[in-house]
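What follows is the content of upload.cif, which has mmCIF, C-alpha atoms:
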```cif
data_coords
#
loop_
_atom_site.label_atom_id
_atom_site.label_comp_id
_atom_site.auth_asym_id
_atom_site.auth_seq_id
_atom_site.Cartn_x
_atom_site.Cartn_y
_atom_site.Cartn_z
CA MET T 1 142.99 126.95 85.70
CA LEU T 2 143.77 123.35 86.65
CA GLY T 3 142.54 124.06 90.17
CA ASN T 4 139.15 125.14 88.86
CA ILE T 5 138.85 122.04 86.68
CA ILE T 6 139.73 119.78 89.62
CA GLY T 7 137.26 121.72 91.80
CA GLY T 8 134.62 121.32 89.11
CA PHE T 9 135.14 117.58 89.01
CA ILE T 10 134.83 117.42 92.82
CA VAL T 11 131.55 119.36 92.64
CA ILE T 12 130.22 117.02 89.96
CA LEU T 13 131.34 113.93 91.87
CA VAL T 14 129.85 115.08 95.19
CA GLY T 15 126.71 116.38 93.47
CA THR T 16 125.96 113.19 91.56
CA THR T 17 126.56 111.16 94.74
CA LEU T 18 124.08 113.30 96.68
CA LEU T 19 121.46 113.57 93.92
CA PRO T 20 119.73 110.21 94.63
CA THR T 21 119.41 111.15 98.31
CA VAL T 22 117.84 114.50 97.39
CA ALA T 23 115.44 112.82 94.94
CA GLN T 24 114.51 110.16 97.50
CA GLN T 25 113.79 112.68 100.25
CA VAL T 26 111.71 114.82 97.89
CA GLY T 27 109.75 111.74 96.77
CA THR T 28 109.12 110.64 100.36
CA ALA T 29 107.98 114.12 101.42
CA GLN T 30 105.56 114.41 98.51
CA ALA T 31 104.18 110.92 99.03
CA ASP T 32 103.36 111.20 102.75
CA GLY T 33 101.42 114.45 102.31
CA ASN T 34 102.95 116.25 105.30
CA VAL T 35 104.32 119.05 103.10
CA THR T 36 101.56 120.89 101.27
CA GLY T 37 100.88 124.08 99.28
CA ALA T 38 103.71 126.37 98.21
CA ALA T 39 106.23 124.39 100.22
CA ASP T 40 105.27 121.24 98.31
CA THR T 41 105.83 123.00 94.97
CA LEU T 42 109.20 124.30 96.10
CA VAL T 43 110.28 120.90 97.40
CA GLY T 44 109.34 119.46 93.99
CA LEU T 45 111.71 121.92 92.34
CA THR T 46 114.63 121.00 94.59
CA THR T 47 115.74 118.00 92.52
CA LEU T 48 115.54 120.09 89.34
CA PHE T 49 117.69 122.91 90.68
CA PHE T 50 120.15 120.51 92.30
CA SER T 51 120.67 118.65 89.03
CA LEU T 52 120.71 121.95 87.10
CA ALA T 53 123.59 123.19 89.26
CA ILE T 54 125.54 119.98 88.65
CA ALA T 55 124.81 120.04 84.91
CA THR T 56 125.86 123.71 84.64
CA SER T 57 129.07 122.93 86.51
CA ALA T 58 129.77 120.04 84.13
CA ILE T 59 129.16 122.22 81.06
CA GLY T 60 131.34 124.98 82.57
CA VAL T 61 134.23 122.62 83.31
CA ALA T 62 133.98 121.04 79.85
CA ALA T 63 133.88 124.47 78.15
CA GLN T 64 136.81 125.65 80.22
CA GLY T 65 138.85 122.59 79.26
CA LEU T 66 138.06 123.03 75.58
CA ARG T 67 138.89 126.74 75.77
CA ASN T 68 142.22 126.02 77.43
CA SER T 69 143.11 123.55 74.71
CA GLY T 70 142.17 126.11 72.05
CA LEU T 71 139.28 124.15 70.60
CA ILE T 72 136.73 126.91 71.26
CA MET D 1 151.33 128.76 112.21
CA PHE D 2 148.24 127.39 113.96
CA ASN D 3 148.78 129.79 116.89
CA LYS D 4 149.10 132.65 114.46
CA MET D 5 145.81 131.67 112.83
CA VAL D 6 144.08 131.34 116.19
CA GLY D 7 145.42 134.71 117.22
CA LYS D 8 143.97 136.29 114.12
CA ASN D 9 140.65 134.56 114.47
CA LYS D 10 140.12 134.60 118.22
CA LEU D 11 136.47 135.46 117.93
CA LEU D 12 135.89 132.59 115.48
CA SER D 13 137.76 130.15 117.72
CA TYR D 14 135.80 131.14 120.81
CA SER D 15 132.54 130.95 118.87
CA LEU D 16 133.33 127.44 117.64
CA PHE D 17 134.33 126.32 121.13
CA PHE D 18 131.08 127.72 122.54
CA LEU D 19 129.08 125.98 119.82
CA ILE D 20 130.70 122.61 120.41
CA VAL D 21 130.16 122.89 124.18
CA THR D 22 126.54 123.92 123.62
CA LEU D 23 126.00 121.00 121.25
CA PHE D 24 127.57 118.56 123.72
CA PHE D 25 125.45 119.61 126.65
CA THR D 26 122.09 120.21 125.02
CA THR D 27 121.65 117.21 122.74
CA PHE D 28 119.58 114.41 124.20
CA VAL D 29 116.69 112.24 123.19
CA ALA D 30 113.88 111.84 125.69
CA ALA D 31 112.59 108.30 126.11
CA ASN D 32 108.92 109.22 125.84
CA THR D 33 109.23 111.47 122.80
CA PHE D 34 107.75 110.35 119.50
CA LYS D 35 107.61 111.61 115.93
CA GLN D 36 104.63 113.51 114.58
CA TRP D 37 102.25 111.56 112.32
CA GLU D 38 103.68 108.22 113.43
CA SER D 39 101.93 105.61 115.59
CA VAL D 40 102.90 105.54 119.26
CA ASP D 41 103.23 102.22 121.07
CA LEU D 42 102.49 102.73 124.77
CA ARG D 43 103.65 99.90 127.04
CA HIS D 44 103.13 99.57 130.77
CA PRO D 45 103.81 96.74 133.21
CA ILE D 46 100.72 96.66 135.40
CA ARG D 47 100.86 94.89 138.76
CA ILE D 48 98.28 94.49 141.48
CA ASN D 49 99.82 94.07 144.93
CA GLY D 50 103.15 93.50 143.15
CA ALA D 51 101.91 90.46 141.25
CA ILE D 52 101.59 89.97 137.51
CA ASP D 53 98.11 88.98 136.53
CA GLU D 54 97.14 88.58 132.91
CA ASN D 55 93.50 88.94 133.90
CA ILE D 56 93.99 92.58 134.82
CA LEU D 57 91.75 94.70 132.65
CA ALA D 58 93.47 97.91 131.54
CA ASN D 59 91.75 100.74 129.71
CA ILE D 60 93.43 103.80 128.25
CA THR D 61 92.26 107.33 127.52
CA VAL D 62 94.52 109.63 125.49
CA ARG D 63 94.16 113.42 125.31
CA GLN D 64 95.84 115.69 122.77
CA PRO D 65 97.61 118.91 123.94
CA ASP D 66 94.39 120.86 123.31
CA ASN D 67 92.58 118.42 125.64
CA ASP D 68 90.62 116.68 122.88
CA VAL D 69 90.10 113.02 123.69
CA VAL D 70 91.43 110.94 120.79
CA VAL D 71 91.31 107.53 122.47
CA ASN D 72 88.37 107.06 124.79
CA PHE D 73 88.71 104.29 127.40
CA GLN D 74 89.95 101.66 124.96
CA GLU D 75 91.05 98.27 126.24
CA MET D 76 94.79 97.62 126.25
CA THR D 77 96.28 94.35 125.03
CA TYR D 78 98.28 92.10 127.36
CA ASP D 79 101.59 90.87 125.94
CA ALA D 80 102.52 87.61 127.71
CA THR D 81 106.13 87.74 126.48
CA SER D 82 107.00 91.13 127.91
CA GLN D 83 104.32 90.91 130.62
CA GLU D 84 103.13 94.38 129.73
CA HIS D 85 99.89 95.94 128.64
CA ASN D 86 100.16 97.92 125.46
CA TYR D 87 98.10 100.17 123.24
CA THR D 88 99.13 101.62 119.87
CA VAL D 89 97.89 105.15 119.26
CA PRO D 90 97.24 105.43 115.50
CA ALA D 91 99.39 107.81 113.44
CA SER D 92 96.33 109.87 112.51
CA PHE D 93 95.97 110.93 116.17
CA THR D 94 99.54 112.19 116.62
CA GLY D 95 99.41 115.16 114.23
CA GLU D 96 99.35 117.81 116.93
CA LEU D 97 102.69 118.83 118.47
CA GLY D 98 103.07 119.03 122.23
CA THR D 99 102.46 117.05 125.40
CA TYR D 100 99.86 114.29 125.27
CA GLU D 101 98.29 113.06 128.49
CA TYR D 102 97.04 109.52 128.91
CA SER D 103 95.31 107.77 131.78
CA ILE D 104 95.37 104.03 132.38
CA THR D 105 92.68 102.48 134.51
CA ALA D 106 93.55 99.02 135.80
CA THR D 107 90.87 96.76 137.21
CA GLY D 108 91.39 93.35 138.77
CA SER D 109 91.17 91.35 142.02
CA GLY D 110 88.66 93.83 143.38
CA LEU D 111 91.01 96.77 142.93
CA ASN D 112 90.53 99.72 140.62
CA GLN D 113 93.20 102.33 140.08
CA THR D 114 93.84 105.09 137.53
CA GLU D 115 97.18 106.74 136.85
CA THR D 116 98.06 109.52 134.44
CA PHE D 117 101.22 109.74 132.30
CA THR D 118 102.47 111.97 129.48
CA PHE D 119 104.42 111.69 126.24
CA GLU D 120 105.76 114.29 123.83
CA ILE D 121 105.17 114.60 120.10
CA THR D 122 107.83 116.55 118.19
CA PRO D 123 108.40 116.97 114.42
CA SER D 124 111.52 114.74 114.41
CA GLY D 125 110.79 112.51 117.42
CA GLU D 126 113.71 114.09 119.24
CA THR D 127 114.12 117.05 121.53
CA GLY D 128 116.90 119.28 122.84
CA LEU D 129 118.60 119.51 119.46
CA LEU D 130 118.80 123.31 119.20
CA GLY D 131 122.62 123.21 119.40
CA PHE D 132 122.73 120.72 116.52
CA TYR D 133 120.44 122.88 114.40
CA PHE D 134 122.40 126.01 115.23
CA LEU D 135 125.65 124.33 114.21
CA ALA D 136 124.11 122.90 111.01
CA ILE D 137 122.75 126.31 109.98
CA LEU D 138 126.00 128.07 110.82
CA LEU D 139 128.17 125.53 109.00
CA SER D 140 125.98 125.46 105.88
CA TYR D 141 125.64 129.22 105.53
CA GLY D 142 129.21 129.68 106.77
CA LEU D 143 130.67 127.34 104.14
CA MET D 144 128.80 129.13 101.38
CA GLY D 145 129.77 132.55 102.77
CA PHE D 146 133.41 131.47 103.10
CA GLY D 147 133.39 130.33 99.46
CA ILE D 148 131.94 133.65 98.31
CA TYR D 149 134.42 135.57 100.49
CA LYS D 150 137.36 133.62 99.04
CA GLU D 151 135.81 133.75 95.55
CA ASP D 152 136.19 129.99 95.39
CA ILE D 153 133.55 128.42 93.15
CA THR D 154 134.00 124.87 94.42
CA ILE D 155 133.65 125.72 98.13
CA THR D 156 130.61 127.88 97.36
CA MET D 157 129.00 125.06 95.38
CA LEU D 158 129.62 122.56 98.20
CA GLY D 159 128.13 125.11 100.62
CA THR D 160 124.99 125.38 98.50
CA PHE D 161 124.69 121.55 98.48
CA ALA D 162 124.66 121.73 102.27
CA LEU D 163 121.94 124.40 102.04
CA PHE D 164 119.77 122.11 99.87
CA PHE D 165 119.88 119.45 102.58
CA LEU D 166 119.42 121.97 105.39
CA GLY D 167 116.36 123.51 103.71
CA MET D 168 114.74 120.12 103.14
CA TYR D 169 115.57 118.88 106.65
CA ILE D 170 114.01 121.92 108.32
CA MET D 171 110.98 121.75 106.03
CA PHE D 172 110.32 118.08 106.94
CA ASN D 173 111.35 118.09 110.61
CA GLY D 174 111.03 121.70 111.73
CA LEU D 175 113.48 123.21 114.19
CA ASP D 176 113.81 121.09 117.33
CA ILE D 177 110.27 120.97 118.81
CA TYR D 178 109.01 123.75 116.54
CA LYS D 179 107.34 123.26 113.18
CA ASN D 180 105.25 126.23 112.18
CA TYR D 181 105.02 128.99 109.56
CA LEU D 182 108.34 130.46 110.76
CA THR D 183 110.35 127.27 110.30
CA GLU D 184 108.58 126.63 106.97
CA GLY D 185 109.40 130.19 105.83
CA PHE D 186 113.03 129.78 106.87
CA SER D 187 113.31 126.47 105.01
CA ILE D 188 111.76 127.97 101.86
CA ILE D 189 114.18 130.92 102.01
CA THR D 190 117.12 128.54 102.55
CA LEU D 191 116.07 126.49 99.53
CA GLY D 192 115.62 129.71 97.51
CA VAL D 193 119.15 130.85 98.44
CA ALA D 194 120.48 127.41 97.49
CA PHE D 195 118.63 127.48 94.12
CA TYR D 196 119.90 130.96 93.27
CA VAL D 197 123.49 130.73 94.45
CA SER D 198 124.09 127.23 93.06
CA THR D 199 122.90 128.08 89.53
CA LYS D 200 124.56 131.52 89.59
CA VAL D 201 127.91 130.22 90.85
CA ALA D 202 127.90 127.17 88.54
CA GLN D 203 127.88 129.58 85.59
CA GLU D 204 131.11 131.08 86.91
CA TYR D 205 132.95 127.95 85.75
CA LEU D 206 132.36 129.27 82.23
CA ASN D 207 133.90 132.65 83.00
CA VAL D 208 137.14 131.73 84.77
#
```
Represent the structure from my file as structure tokens, please.
Amino acid sequence: MLGNIIGGFIVILVGTTLLPTVAQQVGTAQADGNVTGAADTLVGLTTLFFSLAIATSAIGVAAQGLRNSGLI
Amino acid sequence: MFNKMVGKNKLLSYSLFFLIVTLFFTTFVAANTFKQWESVDLRHPIRINGAIDENILANITVRQPDNDVVVNFQEMTYDATSQEHNYTVPASFTGELGTYEYSITATGSGLNQTETFTFEITPSGETGLLGFYFLAILLSYGLMGFGIYKEDITITMLGTFALFFLGMYIMFNGLDIYKNYLTEGFSIITLGVAFYVSTKVAQEYLNV
């Protein structure tokens, strides 16, 4: 249980550190116009899914902690 | 303990050794290789009878890989500091991947000579990086696969983070000298796998 919570924190820490880089690369790619069409749409979604994964991990870790302490 | 592990995973050990050797011997950056859609600064020291003469008139003609002339006999600029003639090919003319051919005609002191040179345009401005790409793909997918195999959520999540970066990198820079529908398809699939696995695995934190 504790291992999963620690792992979750590591994922959140690494994810939030990498998020600005992902957002910057996506912004650069969309601005220079070299990526077009379906690829451009998918690249636009990358930041969303990356942050969604981090947010879901955070919610999961928080819920797990609350469940372990008997609050939910 | 290490020997025991190596013994059990001989195939993996040999594969890693082969990969590292491949990476070491194949990675290099050619001097006359430039990035696609970026301007290319061509510089040449031009001498007549071994002497520097700023009055030498140099004209350049640049052809794309499909033989279209993109720069037609334009005059080069003399740089007194570096004692070279230079011409900057605009970024809009370097969209096509491959080998560009350019001819420089130098005229001065009654002499007239033309020489032809080449430069490469690749998606990333580098070449010979197949070993690097192979290792990056293997490590990214391997880390995610290892996490799934061990049923370890954290390792799987970190593997999917690597896949996000891998997908974007291949989409922007292609694979080595290649950037076509195949590399774009592979990058889209890699991003799709990263989207799916990361959101799916993140939910597992709720279930453990």
Residues in the PyMOL selection byres ((chain D) within 7 of (chain T)), expressed as an mmCIF file with C-alpha atoms, in the coordinates of the input:
```cif
data_model
loop_
_atom_site.group_PDB
_atom_site.id
_atom_site.type_symbol
_atom_site.label_atom_id
_atom_site.label_comp_id
_atom_site.auth_asym_id
_atom_site.auth_seq_id
_atom_site.Cartn_x
_atom_site.Cartn_y
_atom_site.Cartn_z
ATOM 1 C CA THR D 154 134.000 124.870 94.420
ATOM 2 C CA MET D 157 129.000 125.060 95.380
ATOM 3 C CA LEU D 158 129.620 122.560 98.200
ATOM 4 C CA ILE D 188 111.760 127.970 101.860
ATOM 5 C CA PHE D 195 118.630 127.480 94.120
ATOM 6 C CA SER D 198 124.090 127.230 93.060
ATOM 7 C CA THR D 199 122.900 128.080 89.530
ATOM 8 C CA ALA D 202 127.900 127.170 88.540
ATOM 9 C CA GLN D 203 127.880 129.580 85.590
ATOM 10 C CA TYR D 205 132.950 127.950 85.750
ATOM 11 C CA LEU D 206 132.360 129.270 82.230
#
```
Q: Output the residue selection produced by the PyMOL selection byres ((chain D and resi 185) around 12) on the file above, formatted as a list of chain:residue names.
A: T:Ala38, T:Ala39, T:Leu42, D:Gly167, D:Met168, D:Ile170, D:Met171, D:Gly174, D:Leu175, D:Lys179, D:Asn180, D:Tyr181, D:Leu182, D:Thr183, D:Glu184, D:Phe186, D:Ser187, D:Ile188, D:Ile189, D:Thr190, D:Leu191, D:Gly192
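With all atoms listed in the file as the atoms that count, the minimum distance from D:Tyr178 to the choices D:Gly128, D:Gly95, D:Pro123, D:Gly145 is reached by D:Pro123.
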Q | atom CA of D:Asn32 to atom CA of D:Ile46, straight-line distance in Å | A |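 The value is 17.8 Å.
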Q. Applied to this file, what does the PyMOL selection byres ((chain D and resi 67) around 12) return in terms of residues, put as JSON, numbers by chain?
A. {"D": [61, 62, 63, 64, 65, 66, 68, 69, 70, 71, 96, 98, 99, 100, 101, 102]}
Q: Enter the distance from atom CA of D:Gly142 to atom CA of D:Lys200, in Å, rounded to one decimal.
A: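 Between atom CA of D:Gly142 and atom CA of D:Lys200 the gap works out to 17.9 Å.
Among the candidates D:Thr88, D:Arg43, D:Thr81, D:Tyr141, the one nearest to D:Phe117 when counting all atoms listed in the file is D:Arg43.
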Q | Two-atom distance - atom CA of D:Ile104, atom CA of D:Asp176 (Å) | A | 29.3 Å
Q) Between D:Leu57, D:Leu138, D:Val40, D:Leu111, which one has atoms that come closest to D:Val89, using all atoms listed in the file? A) D:Val40
Applying 10 Å and all atoms listed in the file, which residues near D:Tyr78 remain after dropping the ones on its own chain fewer than 6 positions away? List them as a JSON list (two decimals) with C-alpha atoms, in the frame of the given file.
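See around-v2.json below for the written result:
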```
[["chain", "number", "residue", "atom", "x", "y", "z"],
["D", 43, "ARG", "CA", 103.65, 99.90, 127.04],
["D", 44, "HIS", "CA", 103.13, 99.57, 130.77],
["D", 45, "PRO", "CA", 103.81, 96.74, 133.21],
["D", 46, "ILE", "CA", 100.72, 96.66, 135.40],
["D", 53, "ASP", "CA", 98.11, 88.98, 136.53],
["D", 54, "GLU", "CA", 97.14, 88.58, 132.91],
["D", 55, "ASN", "CA", 93.50, 88.94, 133.90],
["D", 56, "ILE", "CA", 93.99, 92.58, 134.82],
["D", 57, "LEU", "CA", 91.75, 94.70, 132.65],
["D", 58, "ALA", "CA", 93.47, 97.91, 131.54],
["D", 84, "GLU", "CA", 103.13, 94.38, 129.73],
["D", 85, "HIS", "CA", 99.89, 95.94, 128.64],
["D", 86, "ASN", "CA", 100.16, 97.92, 125.46],
["D", 87, "TYR", "CA", 98.10, 100.17, 123.24]]
```
Give me, as a compact mmCIF listing (two decimals) with C-alpha atoms, in the coordinates of the input, all polymer residues having an atom no more than 8 Å from D:Ser92, counting all atoms listed in the file and skipping those fewer than 2 positions away in the same chain.
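Final output, saved to out-v7.txt:
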```
# COMPACT_ATOMS: atom_id res chain seq x y z
CA TRP D 37 102.25 111.56 112.32
CA GLU D 38 103.68 108.22 113.43
CA SER D 39 101.93 105.61 115.59
CA PRO D 90 97.24 105.43 115.50
CA THR D 94 99.54 112.19 116.62
CA GLY D 95 99.41 115.16 114.23
```
